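Asks: You'll find final.txt just under this line, and it carries compact mmCIF, C-alpha atoms and all ligand atoms.
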```
# COMPACT_ATOMS: atom_id res chain seq x y z
CA MET A 224 173.21 81.08 77.65
CA PRO A 225 169.48 81.95 77.59
CA GLY A 226 167.24 80.73 74.76
CA LYS A 227 166.54 82.79 71.65
CA SER A 228 163.12 84.07 72.75
CA THR A 229 164.66 85.31 75.99
CA VAL A 230 167.54 86.92 74.07
CA THR A 231 165.21 88.88 71.79
CA VAL A 232 163.21 90.20 74.74
CA HIS A 233 165.97 91.10 77.22
CA THR A 234 169.41 91.53 75.61
CA ASP A 235 169.02 95.25 74.89
CA ARG A 236 168.13 96.16 78.48
CA GLU A 237 171.58 97.43 79.44
CA THR A 238 171.67 99.81 76.47
CA HIS A 239 168.82 101.93 77.83
CA PRO A 240 169.03 102.52 81.55
CA SER A 241 165.45 103.73 81.84
CA ARG A 242 162.53 102.70 84.02
CA ALA A 243 160.28 102.50 80.96
CA VAL A 244 159.31 98.91 80.13
CA ALA A 245 159.31 99.64 76.41
CA PRO A 246 162.54 101.38 75.35
CA PRO A 247 162.18 105.13 74.73
CA ILE A 248 162.59 106.41 71.17
CA TYR A 249 165.65 108.67 71.01
CA GLN A 250 164.28 110.84 68.22
CA THR A 251 167.23 113.18 68.17
CA ALA A 252 169.88 113.99 65.59
CA ALA A 253 172.50 114.92 68.18
CA PHE A 254 173.51 114.52 71.84
CA SER A 255 175.14 117.07 74.12
CA ALA A 256 178.42 116.64 75.98
CA GLU A 257 179.29 118.03 79.40
CA ASP A 258 182.88 118.93 78.61
CA ALA A 259 185.49 118.96 75.86
CA THR A 260 186.97 115.58 76.83
CA THR A 261 183.62 113.77 76.66
CA PHE A 262 182.82 115.51 73.38
CA ALA A 263 186.15 114.50 71.82
CA ALA A 264 185.77 110.91 73.02
CA GLY A 265 182.24 110.67 71.58
CA ALA A 266 183.46 111.75 68.16
CA VAL A 267 185.82 108.79 67.78
CA GLU A 268 184.03 106.01 69.64
CA PRO A 269 183.14 103.37 67.04
CA ARG A 270 179.43 102.53 67.11
CA GLY A 271 178.91 104.77 70.14
CA GLN A 272 175.39 105.87 70.95
CA ASP A 273 175.36 109.43 72.27
CA PHE A 274 177.34 111.76 70.01
CA TYR A 275 175.42 112.29 66.75
CA THR A 276 172.81 109.90 65.32
CA ARG A 277 174.78 109.29 62.10
CA PHE A 278 177.56 108.00 64.42
CA GLY A 279 175.15 105.97 66.56
CA ASN A 280 171.99 106.17 68.65
CA PRO A 281 170.65 104.16 71.61
CA ASN A 282 167.91 102.72 69.38
CA HIS A 283 170.62 101.48 66.98
CA ALA A 284 172.60 100.01 69.88
CA GLN A 285 169.58 98.07 71.13
CA VAL A 286 169.03 96.34 67.79
CA ALA A 287 172.76 95.69 67.45
CA ALA A 288 172.98 94.09 70.90
CA VAL A 289 170.16 91.66 70.15
CA VAL A 290 171.32 90.74 66.62
CA ALA A 291 174.92 90.15 67.76
CA GLU A 292 173.67 87.77 70.45
CA LEU A 293 171.40 85.93 67.98
CA GLU A 294 174.12 85.62 65.33
CA GLY A 295 176.81 84.67 67.86
CA THR A 296 179.10 87.55 66.83
CA GLU A 297 181.12 90.04 68.84
CA GLY A 298 179.08 93.01 67.63
CA ALA A 299 176.61 94.37 65.12
CA MET A 300 175.57 97.67 63.54
CA VAL A 301 172.50 98.93 61.72
CA THR A 302 172.12 100.74 58.39
CA ALA A 303 169.26 102.36 56.50
CA SER A 304 168.63 99.29 54.29
CA GLY A 305 170.10 95.96 53.35
CA MET A 306 171.75 97.52 50.30
CA ALA A 307 173.29 100.20 52.53
CA ALA A 308 174.78 97.40 54.64
CA ILE A 309 176.44 95.61 51.72
CA THR A 310 177.65 98.68 49.80
CA THR A 311 179.05 100.28 52.96
CA ALA A 312 180.82 97.04 53.87
CA LEU A 313 182.29 96.71 50.38
CA LEU A 314 183.44 100.32 50.24
CA ALA A 315 185.10 99.78 53.62
CA LEU A 316 186.78 96.48 52.84
CA VAL A 317 187.92 96.63 49.19
CA SER A 318 189.87 99.08 47.04
CA SER A 319 190.67 99.56 43.39
CA GLY A 320 192.75 96.61 42.11
CA ASP A 321 191.17 94.13 44.50
CA HIS A 322 189.14 91.11 43.43
CA VAL A 323 185.80 89.95 44.87
CA ILE A 324 184.04 86.61 44.37
CA GLY A 325 180.25 86.38 44.48
CA GLN A 326 177.52 84.00 43.40
CA LYS A 327 175.64 83.75 40.11
CA SER A 328 172.42 83.11 41.99
CA THR A 329 172.06 86.04 44.35
CA TYR A 330 169.73 88.93 45.23
CA GLY A 331 169.32 91.28 42.21
CA GLY A 332 170.77 94.31 44.02
CA THR A 333 173.83 92.34 45.14
CA ALA A 334 174.27 91.02 41.59
CA SER A 335 174.19 94.58 40.27
CA VAL A 336 176.80 95.72 42.80
CA LEU A 337 179.06 92.86 41.69
CA LEU A 338 178.45 93.25 37.96
CA ASN A 339 178.20 97.03 37.66
CA LEU A 340 179.21 99.12 40.69
CA LEU A 341 182.41 97.37 41.80
CA PRO A 342 183.92 97.04 38.29
CA ARG A 343 183.25 100.78 37.77
CA LEU A 344 185.40 101.44 40.87
CA GLY A 345 188.27 99.27 39.60
CA VAL A 346 187.37 96.20 41.66
CA SER A 347 187.21 93.05 39.53
CA THR A 348 184.57 90.42 40.30
CA THR A 349 183.92 86.77 39.46
CA LEU A 350 180.48 85.20 39.85
CA VAL A 351 180.45 81.46 40.44
CA ASP A 352 177.99 78.58 40.69
CA GLN A 353 177.64 78.41 44.46
CA THR A 354 176.57 74.77 44.50
CA ASP A 355 180.16 73.72 43.71
CA PRO A 356 182.81 74.69 46.31
CA ASP A 357 185.51 74.01 43.67
CA GLU A 358 184.16 76.93 41.62
CA PHE A 359 185.00 79.29 44.47
CA ALA A 360 188.46 77.73 44.74
CA LYS A 361 189.09 78.11 40.99
CA ALA A 362 188.06 81.78 41.10
CA VAL A 363 190.55 82.79 43.82
CA THR A 364 193.43 85.02 42.65
CA SER A 365 196.27 86.70 44.52
CA ARG A 366 194.09 89.86 44.58
CA THR A 367 191.00 88.22 46.10
CA ARG A 368 190.03 90.15 49.23
CA LEU A 369 186.44 89.06 49.76
CA ILE A 370 184.02 86.24 49.07
CA LEU A 371 180.31 87.13 49.22
CA VAL A 372 177.84 84.33 49.75
CA GLU A 373 174.09 84.12 50.08
CA THR A 374 172.41 80.93 51.26
CA PRO A 375 169.69 80.00 50.60
CA SER A 376 169.96 82.23 47.54
CA ASN A 377 167.32 84.50 46.11
CA PRO A 378 165.32 83.37 44.16
CA LEU A 379 166.54 79.82 43.44
CA LEU A 380 167.10 78.66 47.03
CA GLN A 381 170.50 77.23 46.21
CA ILE A 382 172.74 76.39 49.15
CA THR A 383 176.36 77.44 49.69
CA ASP A 384 178.68 75.30 51.80
CA LEU A 385 179.50 77.93 54.42
CA ARG A 386 182.35 76.07 56.08
CA ALA A 387 184.04 75.21 52.78
CA VAL A 388 183.93 78.85 51.61
CA ALA A 389 185.11 80.23 54.98
CA ASP A 390 188.04 77.77 55.07
CA LEU A 391 188.98 78.58 51.48
CA ALA A 392 188.90 82.34 52.08
CA HIS A 393 190.94 82.15 55.24
CA ALA A 394 193.58 79.98 53.57
CA HIS A 395 194.03 82.87 51.10
CA GLY A 396 193.81 85.74 53.59
CA ALA A 397 190.41 86.86 52.29
CA LEU A 398 187.30 87.81 54.27
CA THR A 399 183.85 86.27 53.89
CA LEU A 400 180.48 88.03 54.00
CA ALA A 401 177.20 86.08 54.15
CA ASP A 402 173.74 87.40 53.36
CA ASN A 403 171.62 85.66 56.00
CA THR A 404 168.35 87.40 55.10
CA PHE A 405 166.46 84.29 53.94
CA ALA A 406 167.54 82.01 56.78
CA THR A 407 167.52 84.43 59.75
CA PRO A 408 169.74 83.59 62.76
CA LEU A 409 166.98 81.25 63.95
CA ASN A 410 167.53 78.90 61.02
CA GLN A 411 171.26 79.43 60.39
CA ARG A 412 174.22 81.13 62.04
CA PRO A 413 176.96 81.64 59.42
CA ALA A 414 179.50 82.78 62.02
CA ASP A 415 179.37 79.29 63.56
CA PHE A 416 180.87 78.02 60.28
CA GLY A 417 183.65 80.62 60.18
CA ILE A 418 181.99 83.39 58.12
CA ASP A 419 183.44 86.77 59.15
CA VAL A 420 180.57 89.20 58.59
CA VAL A 421 176.88 88.33 58.44
CA TRP A 422 174.48 90.85 56.92
CA HIS A 423 170.74 91.16 56.57
CA SER A 424 168.07 93.01 54.80
CA ALA A 425 166.37 93.64 58.15
CA THR A 426 163.47 94.89 56.01
CA LYS A 427 162.53 91.22 55.70
CA TYR A 428 162.28 88.65 58.51
CA LEU A 429 164.14 90.52 61.26
CA ASN A 430 161.56 93.32 61.22
CA GLY A 431 158.90 90.97 59.93
CA HIS A 432 156.02 93.40 59.43
CA SER A 433 156.77 95.00 56.03
CA ASP A 434 156.82 98.49 57.56
CA VAL A 435 160.54 99.34 57.87
CA SER A 436 163.55 99.44 55.53
CA ALA A 437 166.71 98.55 57.43
CA GLY A 438 169.98 96.63 57.26
CA VAL A 439 172.21 94.93 59.81
CA LEU A 440 175.85 93.82 59.79
CA ALA A 441 177.17 91.44 62.46
CA GLY A 442 180.76 90.34 63.01
CA PRO A 443 184.03 90.91 64.87
CA ALA A 444 184.39 94.40 66.41
CA LYS A 445 187.59 95.07 64.47
CA ILE A 446 185.91 94.63 61.08
CA LEU A 447 182.72 96.43 62.15
CA ASP A 448 184.80 99.41 63.27
CA ARG A 449 186.19 99.72 59.74
CA ILE A 450 182.70 99.49 58.26
CA TRP A 451 181.37 102.01 60.81
CA ASP A 452 184.12 104.42 59.82
CA THR A 453 182.98 104.24 56.19
CA SER A 454 179.31 104.45 57.21
CA LEU A 455 180.02 107.94 58.55
CA LEU A 456 180.87 108.88 54.95
CA THR A 457 178.12 106.96 53.13
CA GLY A 458 175.63 108.31 55.69
CA ALA A 459 172.93 105.69 55.21
CA THR A 460 171.71 106.16 58.78
CA LEU A 461 168.67 104.32 60.10
CA GLY A 462 166.12 106.68 61.66
CA PRO A 463 165.61 106.18 65.43
CA ILE A 464 161.90 105.40 64.99
CA ASP A 465 162.68 102.78 62.36
CA ALA A 466 165.31 101.25 64.65
CA TRP A 467 162.72 101.17 67.43
CA LEU A 468 160.18 99.46 65.15
CA LEU A 469 162.86 96.99 64.04
CA LEU A 470 163.59 96.06 67.66
CA ARG A 471 159.87 95.58 68.27
CA GLY A 472 159.75 93.27 65.25
CA ILE A 473 162.81 91.28 66.37
CA ARG A 474 161.18 90.61 69.76
CA THR A 475 158.88 88.06 68.10
CA LEU A 476 161.31 86.64 65.52
CA PRO A 477 161.64 83.31 67.39
CA LEU A 478 157.83 83.00 67.43
CA ARG A 479 157.39 83.85 63.75
CA VAL A 480 160.18 81.84 62.11
CA PRO A 481 158.87 78.36 63.02
CA ARG A 482 155.52 79.24 61.40
CA HIS A 483 157.25 80.56 58.28
CA ASN A 484 159.23 77.30 58.18
CA ASP A 485 156.07 75.18 58.50
CA ASN A 486 154.24 77.15 55.83
CA GLY A 487 157.20 77.10 53.41
CA LEU A 488 157.55 73.32 53.69
CA ALA A 489 153.81 72.65 53.41
CA LEU A 490 153.49 74.79 50.28
CA ALA A 491 156.60 73.22 48.73
CA GLU A 492 155.27 69.72 49.35
CA ALA A 493 151.77 70.49 48.10
CA LEU A 494 152.87 72.24 44.90
CA SER A 495 155.67 69.87 43.93
CA SER A 496 153.23 67.17 42.80
CA HIS A 497 150.90 69.53 40.92
CA PRO A 498 150.66 68.82 37.15
CA THR A 499 151.30 72.47 36.14
CA VAL A 500 154.51 72.61 38.18
CA THR A 501 157.78 71.40 36.67
CA ARG A 502 159.91 72.06 39.73
CA VAL A 503 159.74 73.46 43.25
CA HIS A 504 162.93 74.93 44.69
CA TYR A 505 162.91 74.54 48.49
CA PRO A 506 165.88 73.28 50.54
CA GLY A 507 163.57 71.44 52.96
CA LEU A 508 162.37 69.04 50.25
CA ALA A 509 164.23 65.71 50.20
CA THR A 510 164.34 66.14 46.40
CA HIS A 511 166.34 69.42 46.63
CA PRO A 512 169.77 68.53 45.20
CA GLN A 513 171.49 70.04 48.25
CA HIS A 514 169.02 68.95 50.92
CA HIS A 515 171.70 67.20 53.00
CA LEU A 516 173.99 70.23 53.04
CA ALA A 517 171.01 72.43 53.95
CA ALA A 518 170.07 70.07 56.79
CA ASP A 519 173.69 70.14 58.05
CA GLN A 520 173.94 73.91 58.33
CA MET A 521 170.30 74.96 58.92
CA ASN A 522 167.80 74.33 61.72
CA GLY A 523 164.80 75.12 59.54
CA PHE A 524 164.38 75.94 55.85
CA GLY A 525 162.53 79.24 55.87
CA GLY A 526 159.35 80.60 54.35
CA VAL A 527 160.54 81.24 50.79
CA LEU A 528 160.16 78.77 47.94
CA SER A 529 160.18 79.20 44.20
CA ILE A 530 157.98 77.37 41.77
CA GLU A 531 158.60 76.78 38.06
CA PHE A 532 155.47 76.49 35.95
CA SER A 533 155.31 74.48 32.75
CA GLY A 534 153.63 77.35 30.87
CA GLY A 535 156.49 79.87 31.24
CA TYR A 536 156.05 83.61 31.82
CA GLU A 537 152.27 83.67 31.15
CA MET A 538 151.41 80.78 33.42
CA ALA A 539 153.57 82.15 36.24
CA ASP A 540 151.84 85.48 35.87
CA ALA A 541 148.36 83.87 35.81
CA PHE A 542 149.16 81.91 39.00
CA LEU A 543 150.08 85.15 40.79
CA SER A 544 146.83 86.77 39.67
CA ARG A 545 144.75 83.87 41.00
CA LEU A 546 146.23 83.73 44.51
CA ARG A 547 143.85 85.05 47.15
CA TYR A 548 146.18 85.61 50.11
CA PRO A 549 149.70 86.26 48.78
CA ARG A 550 149.82 89.67 47.16
CA ARG A 551 152.14 90.60 44.29
CA SER A 552 155.03 92.42 45.90
CA ALA A 553 158.80 92.71 45.72
CA SER A 554 159.31 92.08 49.42
CA LEU A 555 159.23 89.01 51.68
CA GLY A 556 159.67 88.06 55.32
CA GLY A 557 156.59 89.78 56.71
CA VAL A 558 153.64 88.20 58.50
CA GLU A 559 151.65 88.45 55.24
CA SER A 560 152.40 86.12 52.34
CA LEU A 561 153.80 87.83 49.24
CA ALA A 562 154.61 86.52 45.79
CA VAL A 563 156.58 87.84 42.87
CA HIS A 564 157.61 87.01 39.36
CA PRO A 565 161.39 87.63 39.49
CA ALA A 566 161.87 87.75 35.71
CA SER A 567 159.70 90.87 35.51
CA MET A 568 160.89 92.42 38.80
CA TRP A 569 164.58 92.34 37.92
CA ALA A 570 164.15 93.48 34.33
CA GLY A 571 165.08 97.04 35.33
CA MET A 572 168.07 96.06 37.47
CA LEU A 573 169.92 93.57 35.29
CA THR A 574 170.46 93.00 31.58
CA ASP A 575 168.44 90.32 29.76
CA ASP A 576 171.45 87.99 29.74
CA GLN A 577 172.05 88.44 33.43
CA ILE A 578 168.40 87.60 34.10
CA THR A 579 167.98 84.56 31.84
CA ASP A 580 171.20 83.08 33.26
CA THR A 581 169.78 82.96 36.77
CA VAL A 582 166.01 83.34 36.65
CA PRO A 583 163.77 81.03 34.59
CA ALA A 584 160.90 83.00 32.95
CA GLY A 585 158.22 80.75 34.47
CA LEU A 586 159.50 81.11 38.04
CA VAL A 587 157.34 82.45 40.87
CA ARG A 588 158.90 83.28 44.23
CA LEU A 589 156.45 82.68 47.02
CA ALA A 590 157.21 84.01 50.50
CA ALA A 591 154.91 82.33 52.99
CA GLY A 592 153.74 84.55 55.82
CA THR A 593 152.45 83.43 59.20
CA GLU A 594 148.85 82.73 58.13
CA ASP A 595 147.27 79.35 58.89
CA THR A 596 149.03 76.63 56.92
CA ALA A 597 145.82 75.00 55.65
CA ASP A 598 144.55 78.31 54.23
CA LEU A 599 147.77 79.00 52.32
CA VAL A 600 147.97 75.47 50.90
CA ALA A 601 144.31 75.42 49.82
CA ASP A 602 144.70 78.84 48.19
CA ALA A 603 147.87 77.88 46.28
CA LEU A 604 146.38 74.59 45.07
CA ALA A 605 143.18 76.32 43.94
CA ALA A 606 145.22 78.87 41.98
CA ALA A 607 147.28 76.10 40.36
CA ASP A 608 144.15 73.99 39.58
CA ALA A 609 142.61 76.95 37.78
CA LEU A 610 145.67 77.03 35.48
CA HIS A 611 145.38 73.36 34.70
CA ASP A 612 141.75 73.61 33.57
C1 LIG B 701 165.70 92.49 50.04
C2 LIG B 701 167.04 91.83 50.03
C3 LIG B 701 168.22 92.57 50.04
C4 LIG B 701 168.23 94.10 49.97
O1 LIG B 701 167.77 94.67 51.16
P1 LIG B 701 166.99 96.09 51.22
O2 LIG B 701 166.64 96.18 52.67
O3 LIG B 701 165.82 96.02 50.32
O4 LIG B 701 167.98 97.12 50.80
C5 LIG B 701 169.43 91.89 50.10
N1 LIG B 701 169.47 90.54 50.12
C6 LIG B 701 168.35 89.79 50.09
C7 LIG B 701 168.48 88.30 50.11
C8 LIG B 701 167.10 90.40 50.04
O5 LIG B 701 166.00 89.64 50.00
```
I'd like the structure from this file rewritten - as structure tokens, please.

Replies:
Amino acid sequence: MPGKSTVTVHTDRETHPSRAVAPPIYQTAAFSAEDATTFAAGAVEPRGQDFYTRFGNPNHAQVAAVVAELEGTEGAMVTASGMAAITTALLALVSSGDHVIGQKSTYGGTASVLLNLLPRLGVSTTLVDQTDPDEFAKAVTSRTRLILVETPSNPLLQITDLRAVADLAHAHGALTLADNTFATPLNQRPADFGIDVVWHSATKYLNGHSDVSAGVLAGPAKILDRIWDTSLLTGATLGPIDAWLLLRGIRTLPLRVPRHNDNGLALAEALSSHPTVTRVHYPGLATHPQHHLAADQMNGFGGVLSIEFSGGYEMADAFLSRLRYPRRSASLGGVESLAVHPASMWAGMLTDDQITDTVPAGLVRLAAGTEDTADLVADALAAADALHD
């Protein structure tokens, strides 16, 4: 088995039998067939690549081949965004009357799907404290079809015991889906712990350059085929150029992630002893309540940390304004550092109760890019010092 940097550079080669060193962009909505038999076969081939781009495209297949290899899954498929990946998967895998378990601390869009969209479709949901595996066990009912996990979680960097949740789900005949956006397959491979389907906002680390919106699902072919079938109806198709850019981004994922990991840890360590900071949430810190679990299931702790300031909403906001390198933005996972104040960002997506339950008002989420570590640390400390004065 070749190493990860070799995988990201070479795995897609068989999907584009071309003499071009860089894969061609198949900027076409449709493909032609030579005869009726080939045409009919193309129409029903799950995740094929030469029938109609909504059904599949060689640029999609290239990304899928690389991500499946990185995640250690049988297959993968791409969607137009991370949210397209999760909503398509849910529409494929659950029906009215079913029950889904998710986490209290989770990405805002995922929380809204669990709290608003699924209940509207007759699917009941329970959100649990992910730090306690017993909470998942207590939430299981005879109707539970799916357990959705996200670890580390956005924005509190809480850890979910992947093996415990996978074992629990399988004992009850339910499937598990894990959002692996924050960790990336370099830092964590949920399928190794028994998770069925791994999904990503590929907009973040996988692409890594803040210039593409995309999603990826990776898992067993049988489950992906069901999701692909539904994706033909939801139609959230990734454009061929965006798939091509995503592959180009993934090529350097194994080079970028170690720097993100170094920068995340250095910032977490530097800020945790600052007098304006009440708490730093970062699974790589020995003081993180779940550090041991994180170390067991992760190879690195990622570039995202969140910082709670003693002066609440105003101080968090002032810190963001004083940072020189990280810009105020909703995204993360790119080469440039970005920072956000989740309490204000999610105000439009969730109700006040839903926000205050999971997001402290004085919390800043900092996503370290790949800049020089010393520059990011000096910048963050200077911004925090200015608050203290
Ligand atoms: C951004 C994000 C998503 C949503 O992905 P989009 O590509 O923006 O649709 C889902 N999960 C996590 C953890 C994210 O950070």

Asks: Which residues of stretch 342-413 of chain A have any atom within 12 Å of an atom in stretch 296-302 of chain A when counting all atoms listed in the file, and what is the closest pair of atoms for each, with the distance in Å to one decimal? Order the rows by chain and rising number and write it as CSV.

Replies:
```
residue,atom,partner,partner_atom,distance
A:Pro408,CA,A:Thr296,CA,10.9
A:Arg412,CA,A:Thr296,CA,9.4
A:Pro413,CA,A:Thr296,CA,9.7
```

Asks: Using all atoms listed in the file, which residues of chain A come within 10 Å of ligand LIG 701 (chain B), and what is the closest atom pair for each, with the distance in Å to one decimal? Give it as a Markdown table, sorted by chain and residue number.

Replies:
```
| residue | atom | partner | partner_atom | distance |
| --- | --- | --- | --- | --- |
| A:Thr302 | CA | B:LIG701 | O2 | 9.1 |
| A:Ala303 | CA | B:LIG701 | O2 | 7.7 |
| A:Ser304 | CA | B:LIG701 | O2 | 4.0 |
| A:Gly305 | CA | B:LIG701 | O1 | 3.4 |
| A:Met306 | CA | B:LIG701 | O4 | 3.8 |
| A:Ala307 | CA | B:LIG701 | O4 | 6.4 |
| A:Ala308 | CA | B:LIG701 | O4 | 7.8 |
| A:Ile309 | CA | B:LIG701 | C5 | 8.1 |
| A:Thr310 | CA | B:LIG701 | O4 | 9.8 |
| A:Thr329 | CA | B:LIG701 | C7 | 7.1 |
| A:Tyr330 | CA | B:LIG701 | C7 | 5.1 |
| A:Gly331 | CA | B:LIG701 | C5 | 7.9 |
| A:Gly332 | CA | B:LIG701 | C4 | 6.5 |
| A:Thr333 | CA | B:LIG701 | C5 | 6.6 |
| A:Ala334 | CA | B:LIG701 | N1 | 9.8 |
| A:Glu373 | CA | B:LIG701 | C7 | 7.0 |
| A:Thr374 | CA | B:LIG701 | C7 | 8.4 |
| A:Pro375 | CA | B:LIG701 | C7 | 8.4 |
| A:Ser376 | CA | B:LIG701 | C7 | 6.8 |
| A:Asn377 | CA | B:LIG701 | C7 | 5.6 |
| A:Pro378 | CA | B:LIG701 | C7 | 8.3 |
| A:Ala401 | CA | B:LIG701 | N1 | 9.8 |
| A:Asp402 | CA | B:LIG701 | N1 | 6.2 |
| A:Asn403 | CA | B:LIG701 | C7 | 7.2 |
| A:Thr404 | CA | B:LIG701 | C7 | 5.1 |
| A:Phe405 | CA | B:LIG701 | C7 | 5.9 |
| A:Ala406 | CA | B:LIG701 | C7 | 9.2 |
| A:Trp422 | CA | B:LIG701 | N1 | 8.5 |
| A:His423 | CA | B:LIG701 | N1 | 6.6 |
| A:Ser424 | CA | B:LIG701 | O1 | 4.0 |
| A:Ala425 | CA | B:LIG701 | O2 | 6.0 |
| A:Thr426 | CA | B:LIG701 | O2 | 4.8 |
| A:Lys427 | CA | B:LIG701 | C1 | 6.6 |
| A:Tyr428 | CA | B:LIG701 | O5 | 9.3 |
| A:Val435 | CA | B:LIG701 | O2 | 8.6 |
| A:Ser436 | CA | B:LIG701 | O2 | 5.3 |
| A:Ala437 | CA | B:LIG701 | O2 | 5.3 |
| A:Gly438 | CA | B:LIG701 | O2 | 5.7 |
| A:Val439 | CA | B:LIG701 | O2 | 9.1 |
| A:Ala553 | CA | B:LIG701 | C1 | 8.1 |
| A:Ser554 | CA | B:LIG701 | C1 | 6.4 |
| A:Leu555 | CA | B:LIG701 | O5 | 7.0 |
| A:Gly556 | CA | B:LIG701 | O5 | 8.4 |
```

Asks: May I have the residues from that selection written out with C-alpha atoms, as a PDB file, keeping the file's coordinate frame?

Replies:
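See result_13.pdb below for the written result:
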```pdb
ATOM      1  CA  THR A 302     172.120 100.740  58.390  1.00  0.00           C
ATOM      2  CA  ALA A 303     169.260 102.360  56.500  1.00  0.00           C
ATOM      3  CA  SER A 304     168.630  99.290  54.290  1.00  0.00           C
ATOM      4  CA  GLY A 305     170.100  95.960  53.350  1.00  0.00           C
ATOM      5  CA  MET A 306     171.750  97.520  50.300  1.00  0.00           C
ATOM      6  CA  ALA A 307     173.290 100.200  52.530  1.00  0.00           C
ATOM      7  CA  ALA A 308     174.780  97.400  54.640  1.00  0.00           C
ATOM      8  CA  ILE A 309     176.440  95.610  51.720  1.00  0.00           C
ATOM      9  CA  THR A 310     177.650  98.680  49.800  1.00  0.00           C
ATOM     10  CA  THR A 329     172.060  86.040  44.350  1.00  0.00           C
ATOM     11  CA  TYR A 330     169.730  88.930  45.230  1.00  0.00           C
ATOM     12  CA  GLY A 331     169.320  91.280  42.210  1.00  0.00           C
ATOM     13  CA  GLY A 332     170.770  94.310  44.020  1.00  0.00           C
ATOM     14  CA  THR A 333     173.830  92.340  45.140  1.00  0.00           C
ATOM     15  CA  ALA A 334     174.270  91.020  41.590  1.00  0.00           C
ATOM     16  CA  GLU A 373     174.090  84.120  50.080  1.00  0.00           C
ATOM     17  CA  THR A 374     172.410  80.930  51.260  1.00  0.00           C
ATOM     18  CA  PRO A 375     169.690  80.000  50.600  1.00  0.00           C
ATOM     19  CA  SER A 376     169.960  82.230  47.540  1.00  0.00           C
ATOM     20  CA  ASN A 377     167.320  84.500  46.110  1.00  0.00           C
ATOM     21  CA  PRO A 378     165.320  83.370  44.160  1.00  0.00           C
ATOM     22  CA  ALA A 401     177.200  86.080  54.150  1.00  0.00           C
ATOM     23  CA  ASP A 402     173.740  87.400  53.360  1.00  0.00           C
ATOM     24  CA  ASN A 403     171.620  85.660  56.000  1.00  0.00           C
ATOM     25  CA  THR A 404     168.350  87.400  55.100  1.00  0.00           C
ATOM     26  CA  PHE A 405     166.460  84.290  53.940  1.00  0.00           C
ATOM     27  CA  ALA A 406     167.540  82.010  56.780  1.00  0.00           C
ATOM     28  CA  TRP A 422     174.480  90.850  56.920  1.00  0.00           C
ATOM     29  CA  HIS A 423     170.740  91.160  56.570  1.00  0.00           C
ATOM     30  CA  SER A 424     168.070  93.010  54.800  1.00  0.00           C
ATOM     31  CA  ALA A 425     166.370  93.640  58.150  1.00  0.00           C
ATOM     32  CA  THR A 426     163.470  94.890  56.010  1.00  0.00           C
ATOM     33  CA  LYS A 427     162.530  91.220  55.700  1.00  0.00           C
ATOM     34  CA  TYR A 428     162.280  88.650  58.510  1.00  0.00           C
ATOM     35  CA  VAL A 435     160.540  99.340  57.870  1.00  0.00           C
ATOM     36  CA  SER A 436     163.550  99.440  55.530  1.00  0.00           C
ATOM     37  CA  ALA A 437     166.710  98.550  57.430  1.00  0.00           C
ATOM     38  CA  GLY A 438     169.980  96.630  57.260  1.00  0.00           C
ATOM     39  CA  VAL A 439     172.210  94.930  59.810  1.00  0.00           C
ATOM     40  CA  ALA A 553     158.800  92.710  45.720  1.00  0.00           C
ATOM     41  CA  SER A 554     159.310  92.080  49.420  1.00  0.00           C
ATOM     42  CA  LEU A 555     159.230  89.010  51.680  1.00  0.00           C
ATOM     43  CA  GLY A 556     159.670  88.060  55.320  1.00  0.00           C
TER      44      GLY A 556
END
```

Asks: Report, in Å with one decimal, the straight-line distance from atom CA of A:Gln326 to atom CA of A:Asp352.

Replies: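 Interatomic distance, atom CA of A:Gln326 to atom CA of A:Asp352: 6.1 Å.
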
Asks: Between atom CA of A:Ser567 and atom CA of A:Ala591, what distance in Å does the model show, to one decimal?

Replies: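 Atom CA of A:Ser567 sits 20.0 Å away from atom CA of A:Ala591.
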
Asks: To one decimal in Å, tell me the separation between atom CA of A:Ala597 and atom CA of A:Glu559.

Replies: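 Straight-line distance from atom CA of A:Ala597 to atom CA of A:Glu559 works out to 14.7 Å.
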
Asks: Compute the distance from (184.3, 100.7, 52.3) to each atom, counting all atoms listed in the file, keep the residues with any atom at most 10 Å away, and return them as number ranges by chain; use the coordinates of the file.

Replies: A: 309-318, 449-454, 456-457

Asks: Can those selected residues be exported to a file as a CSV table (one decimal), in the coordinates of the input so that it contains C-alpha atoms?

Replies:
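Contents of out01.csv, as written:
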```csv
chain,number,residue,atom,x,y,z
A,309,ILE,CA,176.4,95.6,51.7
A,310,THR,CA,177.6,98.7,49.8
A,311,THR,CA,179.0,100.3,53.0
A,312,ALA,CA,180.8,97.0,53.9
A,313,LEU,CA,182.3,96.7,50.4
A,314,LEU,CA,183.4,100.3,50.2
A,315,ALA,CA,185.1,99.8,53.6
A,316,LEU,CA,186.8,96.5,52.8
A,317,VAL,CA,187.9,96.6,49.2
A,318,SER,CA,189.9,99.1,47.0
A,449,ARG,CA,186.2,99.7,59.7
A,450,ILE,CA,182.7,99.5,58.3
A,451,TRP,CA,181.4,102.0,60.8
A,452,ASP,CA,184.1,104.4,59.8
A,453,THR,CA,183.0,104.2,56.2
A,454,SER,CA,179.3,104.4,57.2
A,456,LEU,CA,180.9,108.9,55.0
A,457,THR,CA,178.1,107.0,53.1
```

Asks: Which is closer to A:Gln353 than all the others in A:Leu341, A:Leu561, A:Ala566, A:Val388, using only C-alpha atoms?

Replies: A:Val388

Asks: Considering only C-alpha atoms, can you say which of A:Ala603, A:Ala245, A:Val582, A:Ala263 comes closest to A:Ala489?

Replies: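 Of the candidates, the smallest distance to A:Ala489 is held by A:Ala603.
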